[in-house]
$ cat start15.cif   # mmCIF, C-alpha atoms and all ligand atoms
data_final
loop_
_atom_site.label_atom_id
_atom_site.label_comp_id
_atom_site.auth_asym_id
_atom_site.auth_seq_id
_atom_site.Cartn_x
_atom_site.Cartn_y
_atom_site.Cartn_z
CA MET I 286 0.00 0.00 0.00
CA GLU I 287 1.64 3.19 -1.15
CA LEU I 288 1.03 6.18 1.08
CA ALA I 289 0.69 9.68 -0.34
CA VAL I 290 0.21 11.46 2.98
CA THR I 291 1.35 10.56 6.49
CA VAL I 292 0.51 12.59 9.58
CA LYS I 293 2.04 11.55 12.88
CA ALA I 294 1.30 13.06 16.31
CA LEU I 295 0.64 16.47 14.75
CA ARG I 296 0.27 19.26 17.28
CA LYS I 297 -0.49 22.89 16.66
CA SER I 298 -1.23 25.82 18.97
CA TYR I 299 -2.30 29.35 18.20
CA GLY I 300 -1.12 31.83 20.84
CA GLY I 301 -0.67 29.16 23.49
CA ARG I 302 -4.01 27.45 22.82
CA GLU I 303 -3.55 23.97 21.40
CA VAL I 304 -6.02 23.26 18.56
CA LEU I 305 -4.51 19.99 17.24
CA HIS I 306 -3.71 17.54 20.02
CA GLY I 307 -1.42 15.05 18.31
CA ILE I 308 -3.37 13.64 15.38
CA ASP I 309 -2.39 10.61 13.25
CA PHE I 310 -3.68 9.44 9.90
CA CYS I 311 -2.48 8.24 6.50
CA VAL I 312 -3.89 8.62 3.01
CA ARG I 313 -3.23 5.97 0.36
CA ARG I 314 -2.13 7.04 -3.10
CA GLY I 315 -5.07 7.50 -5.44
CA GLU I 316 -7.74 7.78 -2.78
CA ILE I 317 -10.13 10.57 -1.86
CA PHE I 318 -9.91 11.30 1.85
CA ALA I 319 -12.25 13.63 3.73
CA LEU I 320 -11.71 15.56 6.92
CA LEU I 321 -15.00 16.17 8.68
CA GLY I 322 -15.70 18.06 11.86
CA ALA I 323 -17.72 20.85 13.40
CA ASN I 324 -16.67 24.47 12.89
CA GLY I 325 -13.37 25.04 14.63
CA ALA I 326 -12.51 21.32 14.93
CA GLY I 327 -9.17 21.85 13.18
CA LYS I 328 -9.77 20.77 9.57
CA THR I 329 -8.33 23.85 7.87
CA THR I 330 -5.36 23.96 10.24
CA THR I 331 -4.59 20.31 9.44
CA LEU I 332 -4.92 20.91 5.70
CA GLU I 333 -2.73 24.02 5.92
CA CYS I 334 0.02 22.07 7.69
CA LEU I 335 -0.14 19.48 4.90
CA GLU I 336 -0.23 22.13 2.20
CA GLY I 337 2.99 23.60 3.55
CA ILE I 338 1.52 27.00 4.39
CA ARG I 339 1.25 26.59 8.16
CA ARG I 340 3.97 25.73 10.69
CA TRP I 341 3.18 23.08 13.26
CA ASP I 342 4.63 22.68 16.74
CA ASP I 343 5.28 18.98 17.05
CA GLY I 344 4.87 15.72 15.14
CA ALA I 345 5.55 14.93 11.50
CA VAL I 346 3.83 15.48 8.18
CA GLU I 347 4.86 13.88 4.89
CA VAL I 348 3.32 14.50 1.48
CA GLN I 349 4.66 12.41 -1.41
CA GLY I 350 4.39 14.26 -4.70
CA ARG I 351 3.55 17.68 -6.12
CA ARG I 352 0.87 19.49 -4.18
CA GLY I 353 -2.05 21.43 -5.59
CA VAL I 354 -4.01 23.66 -3.24
CA GLN I 355 -7.48 25.15 -3.59
CA LEU I 356 -7.60 27.73 -0.86
CA GLN I 357 -10.76 28.36 1.14
CA SER I 358 -10.75 32.12 0.81
CA ALA I 359 -8.06 32.73 -1.76
CA SER I 360 -8.10 36.16 -3.21
CA LEU I 361 -6.54 37.36 -6.44
CA PRO I 362 -6.03 40.97 -7.54
CA ALA I 363 -9.49 42.42 -8.17
CA ASN I 364 -8.85 43.44 -11.76
CA LEU I 365 -6.97 40.33 -12.86
CA ARG I 366 -8.95 38.44 -15.50
CA ALA I 367 -9.66 34.77 -14.84
CA GLY I 368 -7.78 33.84 -18.02
CA GLU I 369 -4.79 35.94 -16.99
CA ALA I 370 -4.70 34.18 -13.61
CA VAL I 371 -4.65 30.81 -15.36
CA GLU I 372 -1.84 31.94 -17.72
CA LEU I 373 0.12 33.33 -14.77
CA PHE I 374 -0.12 30.14 -12.73
CA ALA I 375 0.76 28.06 -15.79
CA ARG I 376 3.87 30.19 -16.35
CA TRP I 377 4.90 29.80 -12.68
CA ALA I 378 4.40 26.04 -12.90
CA ASN I 379 6.11 25.96 -16.30
CA ALA I 380 3.15 23.94 -17.56
CA PRO I 381 0.74 24.32 -20.48
CA VAL I 382 -2.81 25.56 -19.89
CA ASP I 383 -5.16 22.57 -19.96
CA ARG I 384 -8.09 23.91 -22.04
CA GLY I 385 -10.06 20.69 -21.64
CA GLN I 386 -9.91 20.99 -17.89
CA LEU I 387 -11.01 24.63 -17.99
CA ALA I 388 -13.99 23.55 -20.07
CA ARG I 389 -14.87 20.68 -17.71
CA LEU I 390 -14.79 23.07 -14.77
CA GLY I 391 -16.84 25.64 -16.67
CA VAL I 392 -14.06 28.20 -16.27
CA ASP I 393 -13.77 28.79 -20.01
CA ALA I 394 -17.11 30.64 -19.87
CA PHE I 395 -15.66 33.53 -17.83
CA LEU I 396 -11.98 33.70 -18.77
CA ARG I 397 -12.30 37.35 -19.84
CA ARG I 398 -14.00 38.50 -16.67
CA GLN I 399 -12.14 40.24 -13.88
CA TYR I 400 -11.79 38.46 -10.55
CA ARG I 401 -13.97 41.01 -8.74
CA GLU I 402 -16.82 40.37 -11.19
CA LEU I 403 -16.92 36.64 -10.48
CA SER I 404 -19.59 35.01 -8.31
CA THR I 405 -18.59 32.91 -5.30
CA GLY I 406 -19.11 29.72 -7.28
CA GLN I 407 -17.10 31.02 -10.25
CA LYS I 408 -14.23 32.00 -7.93
CA ARG I 409 -14.31 28.52 -6.41
CA ARG I 410 -14.12 26.90 -9.85
CA LEU I 411 -11.28 29.22 -10.83
CA HIS I 412 -9.37 28.39 -7.63
CA LEU I 413 -9.73 24.71 -8.41
CA ALA I 414 -8.51 25.25 -11.97
CA LEU I 415 -5.49 27.11 -10.56
CA ALA I 416 -4.81 24.32 -8.05
CA LEU I 417 -4.76 21.85 -10.95
CA VAL I 418 -2.27 23.78 -13.08
CA GLY I 419 0.86 21.67 -13.53
CA GLY I 420 -0.93 18.40 -12.69
CA PRO I 421 -0.48 17.94 -8.93
CA GLU I 422 -0.17 14.44 -7.51
CA VAL I 423 -1.82 15.37 -4.21
CA LEU I 424 -4.69 17.83 -4.32
CA PHE I 425 -6.04 19.69 -1.28
CA LEU I 426 -9.59 20.99 -1.38
CA ASP I 427 -11.23 23.01 1.39
CA GLU I 428 -15.01 22.75 1.07
CA PRO I 429 -14.81 22.38 -2.72
CA THR I 430 -18.50 22.74 -3.51
CA ALA I 431 -19.54 25.38 -0.96
CA GLY I 432 -21.34 28.11 -2.88
CA LEU I 433 -21.75 26.08 -6.08
CA ASP I 434 -25.13 25.64 -7.75
CA VAL I 435 -26.51 22.13 -8.34
CA GLU I 436 -25.06 21.89 -11.83
CA GLY I 437 -21.68 23.23 -10.73
CA ARG I 438 -21.59 20.78 -7.84
CA ALA I 439 -22.35 17.82 -10.11
CA ALA I 440 -19.73 18.95 -12.64
CA LEU I 441 -17.16 19.36 -9.92
CA HIS I 442 -17.93 15.94 -8.44
CA ALA I 443 -17.53 14.39 -11.88
CA GLU I 444 -14.19 16.16 -12.30
CA ILE I 445 -12.99 15.04 -8.85
CA GLN I 446 -13.86 11.45 -9.73
CA ARG I 447 -12.10 11.80 -13.07
CA LEU I 448 -8.99 13.12 -11.29
CA ARG I 449 -9.04 10.19 -8.85
CA GLY I 450 -9.33 7.89 -11.85
CA SER I 451 -6.14 9.42 -13.21
CA GLY I 452 -4.34 8.41 -9.97
CA MET I 453 -4.46 11.72 -8.13
CA THR I 454 -4.74 11.65 -4.33
CA ILE I 455 -7.31 14.10 -3.01
CA LEU I 456 -7.75 15.39 0.54
CA MET I 457 -10.79 17.50 1.22
CA ALA I 458 -12.35 19.24 4.19
CA SER I 459 -16.11 19.21 3.88
CA HIS I 460 -19.33 19.84 5.77
CA ASP I 461 -21.34 18.18 3.04
CA MET I 462 -22.11 14.62 4.16
CA ALA I 463 -23.75 13.62 0.88
CA GLU I 464 -20.61 14.74 -0.94
CA VAL I 465 -18.40 12.72 1.41
CA GLU I 466 -20.61 9.66 1.02
CA GLU I 467 -20.56 9.98 -2.76
CA LEU I 468 -16.88 10.73 -3.30
CA CYS I 469 -14.65 9.63 -0.46
CA ASP I 470 -12.86 6.33 0.07
CA SER I 471 -12.03 7.07 3.68
CA LEU I 472 -12.49 9.83 6.19
CA ALA I 473 -11.47 11.22 9.54
CA ILE I 474 -13.80 13.03 11.91
CA LEU I 475 -12.01 15.68 13.92
CA LYS I 476 -13.50 16.60 17.26
CA ASP I 477 -11.90 19.46 19.18
CA GLY I 478 -8.52 18.89 17.56
CA SER I 479 -8.43 15.10 18.03
CA ILE I 480 -9.47 12.28 15.72
CA ALA I 481 -12.77 10.80 16.83
CA PHE I 482 -13.16 8.41 13.88
CA LEU I 483 -10.85 7.15 11.15
CA GLY I 484 -11.95 4.66 8.52
CA THR I 485 -14.24 4.16 5.55
CA ALA I 486 -17.79 5.48 5.23
CA ALA I 487 -19.03 1.88 5.43
CA GLU I 488 -17.14 1.38 8.66
CA LEU I 489 -18.63 4.58 10.02
CA THR I 490 -22.20 3.64 9.24
CA GLY I 491 -21.48 0.02 10.21
CA GLN I 492 -23.11 -3.09 8.87
CA TRP I 493 -24.57 -3.97 12.28
CA GLY I 494 -23.40 -1.76 15.09
CA GLY I 495 -24.20 1.43 13.24
CA SER I 496 -27.63 0.29 12.06
CA ARG I 497 -30.53 1.83 13.81
CA ARG I 498 -33.87 0.80 12.43
CA LEU I 499 -35.56 -2.45 11.78
CA ARG I 500 -38.87 -2.68 9.94
CA MET I 501 -40.85 -5.88 10.42
CA ARG I 502 -44.18 -7.14 9.12
CA PHE I 503 -45.84 -9.82 11.24
CA SER I 504 -48.90 -11.92 10.33
CA ALA I 505 -50.45 -10.61 13.60
CA PRO I 506 -49.07 -8.42 16.39
CA PRO I 507 -46.66 -10.39 18.61
CA SER I 508 -46.25 -9.80 22.34
CA LEU I 509 -43.64 -7.08 22.73
CA ALA I 510 -43.67 -6.39 26.48
CA GLY I 511 -40.27 -5.91 28.11
CA LEU I 512 -38.08 -5.93 24.98
CA ALA I 513 -34.42 -5.77 26.00
CA PHE I 514 -32.57 -5.16 22.72
CA CYS I 515 -34.90 -2.81 20.87
CA ARG I 516 -37.87 -0.56 21.27
CA LEU I 517 -40.92 -0.06 19.13
CA CYS I 518 -40.83 3.45 17.74
CA GLY I 519 -43.70 3.45 15.27
CA GLU I 520 -45.81 1.68 12.69
CA GLU I 521 -46.03 2.48 9.01
CA GLN I 522 -47.98 0.70 6.27
CA GLY I 523 -48.49 -2.39 8.41
CA GLU I 524 -44.82 -2.61 9.41
CA MET I 525 -43.52 -2.17 12.94
CA ILE I 526 -40.46 0.03 13.20
CA PHE I 527 -37.91 -0.76 15.91
CA GLU I 528 -34.79 1.07 16.97
CA ALA I 529 -31.80 -0.88 18.19
CA ASP I 530 -28.12 -0.40 18.94
CA ASP I 531 -27.36 -4.05 18.24
CA LEU I 532 -29.55 -5.16 15.36
CA ARG I 533 -28.36 -8.75 15.48
CA ALA I 534 -29.53 -9.14 19.10
CA ALA I 535 -32.74 -7.24 18.33
CA LEU I 536 -33.56 -9.54 15.41
CA ALA I 537 -33.00 -12.65 17.53
CA GLU I 538 -35.22 -11.22 20.25
CA LEU I 539 -38.03 -10.32 17.84
CA ALA I 540 -37.82 -13.71 16.11
CA ALA I 541 -38.19 -15.38 19.52
CA ARG I 542 -41.19 -13.18 20.35
CA ALA I 543 -42.81 -14.02 17.03
CA ALA I 544 -42.32 -17.76 17.70
CA GLU I 545 -43.71 -17.46 21.25
CA SER I 546 -46.71 -15.53 19.96
CA GLN I 547 -47.14 -18.02 17.11
CA VAL I 548 -47.08 -15.31 14.46
CA GLU I 549 -45.10 -15.29 11.27
CA ILE I 550 -42.46 -12.75 10.27
CA GLN I 551 -43.50 -11.79 6.74
CA ASN I 552 -40.89 -9.18 5.99
CA VAL I 553 -37.76 -7.65 7.53
CA THR I 554 -35.76 -4.67 6.33
CA THR I 555 -32.96 -2.82 8.06
CA GLU I 556 -32.02 0.80 7.63
CA HIS I 557 -28.41 1.75 8.20
CA ALA I 558 -27.46 5.00 9.80
CA SER I 559 -26.27 7.62 7.36
CA ILE I 560 -22.88 9.29 7.64
CA GLU I 561 -24.76 12.34 8.89
CA GLU I 562 -26.46 10.40 11.71
CA ARG I 563 -23.18 8.86 12.83
CA PHE I 564 -21.45 12.23 12.57
CA LEU I 565 -24.12 13.73 14.83
CA ASP I 566 -23.73 10.83 17.28
CA ILE I 567 -20.04 11.57 17.52
CA ALA I 568 -20.68 15.30 17.88
CA ARG I 569 -23.14 14.57 20.72
CA GLU I 570 -20.66 12.29 22.49
CA GLU I 571 -18.32 15.27 22.37
CA THR I 572 -20.69 17.42 24.40
CA ALA I 573 -21.95 14.63 26.68
N1 LIG V 1 -4.88 32.09 12.53
C1 LIG V 1 -5.46 31.69 13.65
N2 LIG V 1 -5.19 32.31 14.83
C2 LIG V 1 -5.74 31.88 15.99
N3 LIG V 1 -6.60 30.87 16.10
C3 LIG V 1 -6.93 30.22 14.95
C4 LIG V 1 -6.38 30.59 13.68
N4 LIG V 1 -6.89 29.77 12.73
C5 LIG V 1 -7.72 28.93 13.38
N5 LIG V 1 -7.75 29.19 14.70
C6 LIG V 1 -8.50 28.45 15.73
O1 LIG V 1 -8.11 27.09 15.64
C7 LIG V 1 -9.24 26.23 15.80
C8 LIG V 1 -9.36 25.34 14.56
O2 LIG V 1 -9.69 26.17 13.46
P1 LIG V 1 -9.79 25.61 11.98
O3 LIG V 1 -10.02 26.76 11.07
O4 LIG V 1 -8.63 24.73 11.70
O5 LIG V 1 -11.12 24.71 12.10
P2 LIG V 1 -12.05 24.13 10.96
O6 LIG V 1 -12.39 22.75 11.42
O7 LIG V 1 -11.43 24.26 9.63
O8 LIG V 1 -13.33 25.06 11.08
P3 LIG V 1 -14.41 25.53 9.95
O9 LIG V 1 -15.28 24.35 9.70
O10 LIG V 1 -15.15 26.60 10.67
O11 LIG V 1 -13.66 26.01 8.75
C9 LIG V 1 -10.44 27.14 16.03
O12 LIG V 1 -10.65 27.22 17.42
C10 LIG V 1 -10.00 28.48 15.47
O13 LIG V 1 -10.62 29.52 16.19
#
$ encode --input "start15.cif" --output "structure tokens" --more "lines below"
Ligand SMILES: Nc1ncnc2c1ncn2[C@@H]1O[C@H](COP(=O)(O)OP(=O)(O)OP(=O)(O)O)[C@@H](O)[C@H]1O
Amino acid sequence: MELAVTVKALRKSYGGREVLHGIDFCVRRGEIFALLGANGAGKTTTLECLEGIRRWDDGAVEVQGRRGVQLQSASLPANLRAGEAVELFARWANAPVDRGQLARLGVDAFLRRQYRELSTGQKRRLHLALALVGGPEVLFLDEPTAGLDVEGRAALHAEIQRLRGSGMTILMASHDMAEVEELCDSLAILKDGSIAFLGTAAELTGQWGGSRRLRMRFSAPPSLAGLAFCRLCGEEQGEMIFEADDLRAALAELAARAAESQVEIQNVTTEHASIEERFLDIAREETA
């Protein structure tokens, strides 16, 4: 397994207040990795340390390959035209302008417009185009689709997937759970400057432990008094809906109840927790 990014025991303080408390994670080459966390959790600080624009106090950070950075609030000279910015970055990187990429990002539509005339979404697309000049091997994106319209978001997701397909490693900070679920191979949840979860989205939502709801249709209502592993939380279209922390135990318990009550189980479906639900669980644990 080839690693593109390694972070070991990374610590960072601002003015004596520690905001990263020794975090560890790795990103494999060619994967899309997301940093999630509430406002102020430390995502941008972590990305900035990796991007090489922020000093850290202790620990180690390694990035293998050329870096491309889409800044969160990057600002260019107000009267610089988008096309001039692209030419300028290409000259600095000693690389040709990739017209195809500009078209895919929709930047070609406003190349003649000055930076100050661009909308938030257009600026974001331009910043991504600039980050991609020279073909980075490791790309850093800070909330890449914030401020983009639906079409822009879809186009950008398609482009991010295309870039991953070309072997690029992508690290992104995001608040958009649907985006993370759609794009990312693995993720870390930062909570107050420490890692609260590290793994894949499937591991986060969990096949069993992370599942929450069980829908069951019985031939007649079984006796449900004193359930230990689940609780009835509603009925919908003839199905009983249960909530459980351990679905396996809940299923066994309900099957036993059905047998005791001599009723048949006609249908069972489980609903897994979404990334958002698990994220909120972790956020709540933080304040508990
Ligand atoms: N330049 C700075 N000077 C002092 N404190 C800072 C600075 N930048 C960030 N912080 C503090 O460090 C902590 C982490 O901030 P950071 O921007 O890394 O979080 P974040 O997870 O990216 O938040 P957001 O989701 O709001 O962008 C916060 O408490 C923030 O107030």
$ residues_around --input "start15.cif" --residues "segment 544-560 of chain I" --least-positions-apart "6" --cutoff "6 Å" --atoms "only C-alpha atoms" --output "ChimeraX atom specification"
/I:490,495-505,507
$ closest_residue --input "start15.cif" --among "I:Arg398, I:Arg302, I:Lys293, I:Arg314" --to "Val346 of chain I" --atoms "only C-alpha atoms"
I:Lys293
$ residues_around --input "start15.cif" --residues "Ala535 of chain I" --least-positions-apart "5" --cutoff "7 Å" --atoms "all atoms listed in the file" --output "list in words"
Phe514, Cys515 and Ala529 of chain I
$ residues_around --input "start15.cif" --residues "segment 479-482 of chain I" --least-positions-apart "3" --cutoff "6 Å" --atoms "all atoms listed in the file" --output "PyMOL selection string"
chain I and resi 306+308+473-476
$ residues_near_ligand --input "start15.cif" --ligand "ligand LIG 1 (chain V)" --cutoff "7 Å" --atoms "all atoms listed in the file" --output "PyMOL selection string"
chain I and resi 299-300+304+322-331
$ closest_residue --input "start15.cif" --among "I:Asp530, I:Gln399, I:Leu321, I:Thr405" --to "Ala568 of chain I" --atoms "all atoms listed in the file"
I:Leu321
$ residues_around --input "start15.cif" --residues "Ala289 of chain I" --least-positions-apart "4" --cutoff "12 Å" --atoms "all atoms listed in the file" --output "ChimeraX atom specification"
/I:310-318,335,346-352,421-424,452-456
$ residues_around --input "start15.cif" --residues "Glu369 of chain I" --least-positions-apart "3" --cutoff "12 Å" --atoms "all atoms listed in the file" --output "list in words"
Leu361, Pro362, Ala363, Asn364, Leu365, Arg366, Glu372, Leu373, Phe374, Ala375, Arg376, Val382, Asp393, Phe395, Leu396, Arg397, Arg398, Gln399, Tyr400, Leu411 and Leu415 of chain I
$ atom_distance --input "start15.cif" --atom1 "atom CA of Gly420 of chain I" --atom2 "atom CA of Val465 of chain I"
23.2 Å
$ build_atoms --input "start15.cif" --residues "segment 429-443 of chain I" --atoms "N, CA and C atoms" --output "PDB file, keeping the file's coordinate frame"
ATOM      1  N   PRO I 429     -14.874  22.099  -1.279  1.00  0.00           N
ATOM      2  CA  PRO I 429     -14.810  22.380  -2.720  1.00  0.00           C
ATOM      3  C   PRO I 429     -16.119  22.829  -3.350  1.00  0.00           C
ATOM      4  N   THR I 430     -17.257  22.390  -2.813  1.00  0.00           N
ATOM      5  CA  THR I 430     -18.500  22.740  -3.510  1.00  0.00           C
ATOM      6  C   THR I 430     -19.333  23.779  -2.757  1.00  0.00           C
ATOM      7  N   ALA I 431     -18.782  24.339  -1.678  1.00  0.00           N
ATOM      8  CA  ALA I 431     -19.540  25.380  -0.960  1.00  0.00           C
ATOM      9  C   ALA I 431     -19.795  26.533  -1.919  1.00  0.00           C
ATOM     10  N   GLY I 432     -21.022  26.963  -2.024  1.00  0.00           N
ATOM     11  CA  GLY I 432     -21.340  28.110  -2.880  1.00  0.00           C
ATOM     12  C   GLY I 432     -21.598  27.745  -4.328  1.00  0.00           C
ATOM     13  N   LEU I 433     -21.494  26.464  -4.683  1.00  0.00           N
ATOM     14  CA  LEU I 433     -21.750  26.080  -6.080  1.00  0.00           C
ATOM     15  C   LEU I 433     -23.226  25.736  -6.272  1.00  0.00           C
ATOM     16  N   ASP I 434     -23.750  26.033  -7.462  1.00  0.00           N
ATOM     17  CA  ASP I 434     -25.130  25.640  -7.750  1.00  0.00           C
ATOM     18  C   ASP I 434     -25.153  24.131  -8.045  1.00  0.00           C
ATOM     19  N   VAL I 435     -26.347  23.591  -8.196  1.00  0.00           N
ATOM     20  CA  VAL I 435     -26.510  22.130  -8.340  1.00  0.00           C
ATOM     21  C   VAL I 435     -25.695  21.601  -9.520  1.00  0.00           C
ATOM     22  N   GLU I 436     -25.769  22.332 -10.625  1.00  0.00           N
ATOM     23  CA  GLU I 436     -25.060  21.890 -11.830  1.00  0.00           C
ATOM     24  C   GLU I 436     -23.548  21.954 -11.620  1.00  0.00           C
ATOM     25  N   GLY I 437     -23.110  23.045 -10.996  1.00  0.00           N
ATOM     26  CA  GLY I 437     -21.680  23.230 -10.730  1.00  0.00           C
ATOM     27  C   GLY I 437     -21.155  22.153  -9.802  1.00  0.00           C
ATOM     28  N   ARG I 438     -21.975  21.801  -8.813  1.00  0.00           N
ATOM     29  CA  ARG I 438     -21.590  20.780  -7.840  1.00  0.00           C
ATOM     30  C   ARG I 438     -21.436  19.428  -8.553  1.00  0.00           C
ATOM     31  N   ALA I 439     -22.406  19.104  -9.398  1.00  0.00           N
ATOM     32  CA  ALA I 439     -22.350  17.820 -10.110  1.00  0.00           C
ATOM     33  C   ALA I 439     -21.132  17.786 -11.033  1.00  0.00           C
ATOM     34  N   ALA I 440     -20.874  18.905 -11.718  1.00  0.00           N
ATOM     35  CA  ALA I 440     -19.730  18.950 -12.640  1.00  0.00           C
ATOM     36  C   ALA I 440     -18.431  18.789 -11.861  1.00  0.00           C
ATOM     37  N   LEU I 441     -18.376  19.434 -10.706  1.00  0.00           N
ATOM     38  CA  LEU I 441     -17.160  19.360  -9.920  1.00  0.00           C
ATOM     39  C   LEU I 441     -16.949  17.948  -9.346  1.00  0.00           C
ATOM     40  N   HIS I 442     -18.049  17.318  -8.931  1.00  0.00           N
ATOM     41  CA  HIS I 442     -17.930  15.940  -8.440  1.00  0.00           C
ATOM     42  C   HIS I 442     -17.418  15.019  -9.559  1.00  0.00           C
ATOM     43  N   ALA I 443     -17.960  15.216 -10.752  1.00  0.00           N
ATOM     44  CA  ALA I 443     -17.530  14.390 -11.880  1.00  0.00           C
ATOM     45  C   ALA I 443     -16.035  14.606 -12.136  1.00  0.00           C
TER      46      ALA I 443
END
